[in-house]
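Everything on this sheet refers to the single structure shown next.
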Protein chains: 2
Amino acid sequence: MSSFESKIQFKISETVYLKNPDSSELGIKIISGSIDLLDLLGFENFTFKKLALHIQSTEASVYRYFESKHQLLSYLASWYWEWTEYRIHFGTANIESAEEKLKKSIQILTEPVQIDESFSHINEVKLNQILNREFSKLYLNVHVDKDNEEGYFIPFKSVVSRVSDFVLEINPDFKYPHMLISTIIEGAHHQRFFAEHLPRLTNTIEGEDAVTQFYSELVFKTIPA
Amino acid sequence: MSSFESKIQFKISETVYLKNPDSSELGIKIISGSIDLLDLLGFENFTFKKLALHIQSTEASVYRYFESKHQLLSYLASWYWEWTEYRIHFGTANIESAEEKLKKSIQILTEPVQIDESFSHINEVKLNQILNREFSKLYLNVHVDKDNEEGYFIPFKSVVSRVSDFVLEINPDFKYPHMLISTIIEGAHHQRFFAEHLPRLTNTIEGEDAVTQFYSELVFKTIPA
DNA sequence: GATATTCAATAGTAATACTATTATATTTGC
DNA sequence: GCAAATATAATAGTATTACTATTGAATATC
């Protein structure tokens with residue numbers, strides 16, 4: 001099984017695809033094409049037919065790789081959280097102070113992402129926008145327990161767990177580390193969305209990244225005993 | 001236009017229905033039946049056909065009241081936030097201290113709801129569960145700007161604004177009141193969901209309402225200058 | 001008591017999500 | 001090196017969903 005184009009690759013759970021999209025040119029086109037279209041149309045209006053048209057393939061061929069559009073989005077989310085954990089891992093390497101590691105992690109989790117040249121077929125900026133708007137739909141449904149058993153949320157839980165450990169380094173008695181970190185990750189997603197569409201639900205400050213600033217202050221004020 | 005059953009009624013925007021469901025027996029059945037079915041099936045699996053079967057009517061008759069299932073959910077959400085603002089209004093009446101008013105508001109916003117006998121056709125416990133899981137889907141989509149123009153989110157913004165004012169009473173210089181309150185409202189919804197389905201994303205503590213406890217601490221530690 | 005309006009039912013349509021089958025490549029075993 | 005096995009993606013479907021057009025019956029109005 002050859003790897004196409006990229007040097008670094010994340011091991012994505014076999015439960016989130018039927019055929020590994022990293023293993024063929026069509027698979028690569030499905031991933032990059034779905035990022036374009038999900039960003040443009042949103043999850044509800046996205047269909048495999050539209051995707052097939054966009055990448056000049058057929059609906060049935062896409063179904064060889066993913067059994068549903070939900071599974072395809074789950075694949076993209078898994079990739080995103082693997083990539084995020086990788087960035088946190090390297091972004092906090094060689095840092096001694098738990099405070100500094102946490103501060104860096106919050107930045108990575110709440111700032112808008114930059115393009116990463118290591119993965120030529122993935123547009124990380126669009127993928128981040130997709131996750132801001134669509135990620136919660138992957139768990140806010142009635143088949144969440146089945147998906148959870150299949151391991152769909154392992155990469156996300158892993159990120160939450162890693163950053164929670166920095167919180168516990170600072171205050172080992174803090175009672176709500178997972179609640180705090182999952183709150184700020186999804187909170188930041190939604191606040192970015194509010195800033196664009198429902199500004200009265202958020203606060204924007206000229207010349208300042210209010211979202212990252214707010215969640216940093218919130219975390220560091222909340223943790224101490 | 002007669003009002004059925006209830007003594008108190010909320011004025012719901014005419015943009016979230018075609019025909020006021022409060023004005024007929026069928027309308028009442030549509031509301032109570034959709035609360036049952038949305039709770040049971042989730043928004044994605046809920047259809048007007050299933051609802052019609054459940055209340056022994058027809059699909060087309062339901063379409064006389066709501067132009068889509070999205071609009072029906074928007075109606076339920078509007079009712080919920082009107083009811084929530086009403087509870088905050090009366091729950092904080094005659095309280096002097098801004099801290100106490102805020103504390104009470106956080107309780108109302110983050111605790112699981114109790115049944116309210118004033119509205120016989122609405123099961124508030126089920127409606128709360130529906131909102132926990134489905135509310136964010138009302139804005140996390142590509143037609144959010146159109147819905148926002150139509151006023152779909154006014155009751156929610158109003159709740160956020162009212163509670164944000166208590167925050168500003170405590171610290172008039174606090175820069176992120178709306179961000180703080182919208183974060184805790186949606187955060188609490190999702191943490192309740194996590195506790196049931198994805199426990200590793202949250203923290204539960206024996207004999208304690210960890211969600212309300214966490215968000216209270218978070219707010220009161222974050223606000224001071 | 002005729003006219004207008006409201007009402008919900010029947011019977012649709014267009015689009016969506018997904019599947020069964022098959023011809024054509026490609027790989028593998030000997 | 002060639003047949004058997006496997007992988008590939010295309011064609012052509014089906015079932016379900018979301019929504020609409022039309023109509024006869026009931027109710028209100030003048």
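We label chains A, B, ... in the order they appear in the structure tokens, count residues from 1 in each chain, and number ligands from 1 in the order shown.
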Contacts of range 15-26 of chain C at 12 Å (only C-alpha atoms (C1' of nucleotides); same-chain gap of 4+ positions) as a VMD selection string: (chain A and resid 44 to 50 59 to 60 62 to 64 66 to 70) or (chain D and resid 5 to 19)
Would you kindly report the residues of chain A within 9 Å of chain B, using only C-alpha atoms, as a PyMOL selection string? chain A and resi 40-45+132-134+136-137+139-142+144-145+148+153+156-157+160-161+175-184+186-188+190-191+193-194+197-198+200-205+210-211+214+217-223
Residues of chain C were defined as contacting chain B if any atom lay at most 10 Å from it, counting only C-alpha atoms (C1' of nucleotides); please report them as an MDAnalysis selection string. chainID C and resid 7:10
Using only C-alpha atoms (C1' of nucleotides), which residues sit within 12 Å of Glu82 in chain A once same-chain residues fewer than 5 positions away are excluded, as a PyMOL selection string? chain A and resi 8-13+75-77+87-89+152-160
Once you have the residues from the selection above, write them out as a short mmCIF file (atom, residue, chain, number, x, y, z; two decimals), in the first residue's frame, restricted to C-alpha atoms.
```cif
data_model
loop_
_atom_site.label_atom_id
_atom_site.label_comp_id
_atom_site.auth_asym_id
_atom_site.auth_seq_id
_atom_site.Cartn_x
_atom_site.Cartn_y
_atom_site.Cartn_z
CA ILE A 8 4.14 12.46 7.35
CA GLN A 9 0.96 10.42 7.67
CA PHE A 10 -1.42 9.84 10.55
CA LYS A 11 -2.73 6.39 11.33
CA ILE A 12 -6.49 6.82 11.06
CA SER A 13 -8.73 4.16 12.59
CA TYR A 75 -12.53 10.62 8.94
CA LEU A 76 -11.75 14.31 8.41
CA ALA A 77 -12.29 14.98 12.12
CA ARG A 87 1.10 20.13 16.72
CA ILE A 88 0.57 20.25 20.49
CA HIS A 89 3.19 17.55 20.98
CA TYR A 152 -14.62 7.52 16.34
CA PHE A 153 -13.76 9.93 19.18
CA ILE A 154 -10.43 8.51 20.33
CA PRO A 155 -8.28 11.22 18.68
CA PHE A 156 -10.43 13.98 20.18
CA LYS A 157 -10.42 12.40 23.64
CA SER A 158 -6.67 12.04 23.35
CA VAL A 159 -6.21 15.76 22.74
CA VAL A 160 -8.50 16.61 25.67
#
```
Residues near range 114-123 of chain A, cut-off 12 Å, only C-alpha atoms (C1' of nucleotides), skip fewer than 5 positions along chain, as a PyMOL selection string: chain A and resi 3-10+21-22+25-39+76+79-80+83-84+87+108+128-130
One decimal, Å: what's the distance from CA of Asp209 in chain B over to CA of Arg192 in chain B, could you say? 10.3 Å
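Straight-line separation from CA of Ser23 in chain B to C1' of DA4 in chain C: 20.5 Å.
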With only C-alpha atoms (C1' of nucleotides) as the basis for distance, which of A:Ala52, A:Val16, A:Ala93, A:Val163 is at the shortest distance from chain D? A:Ala52
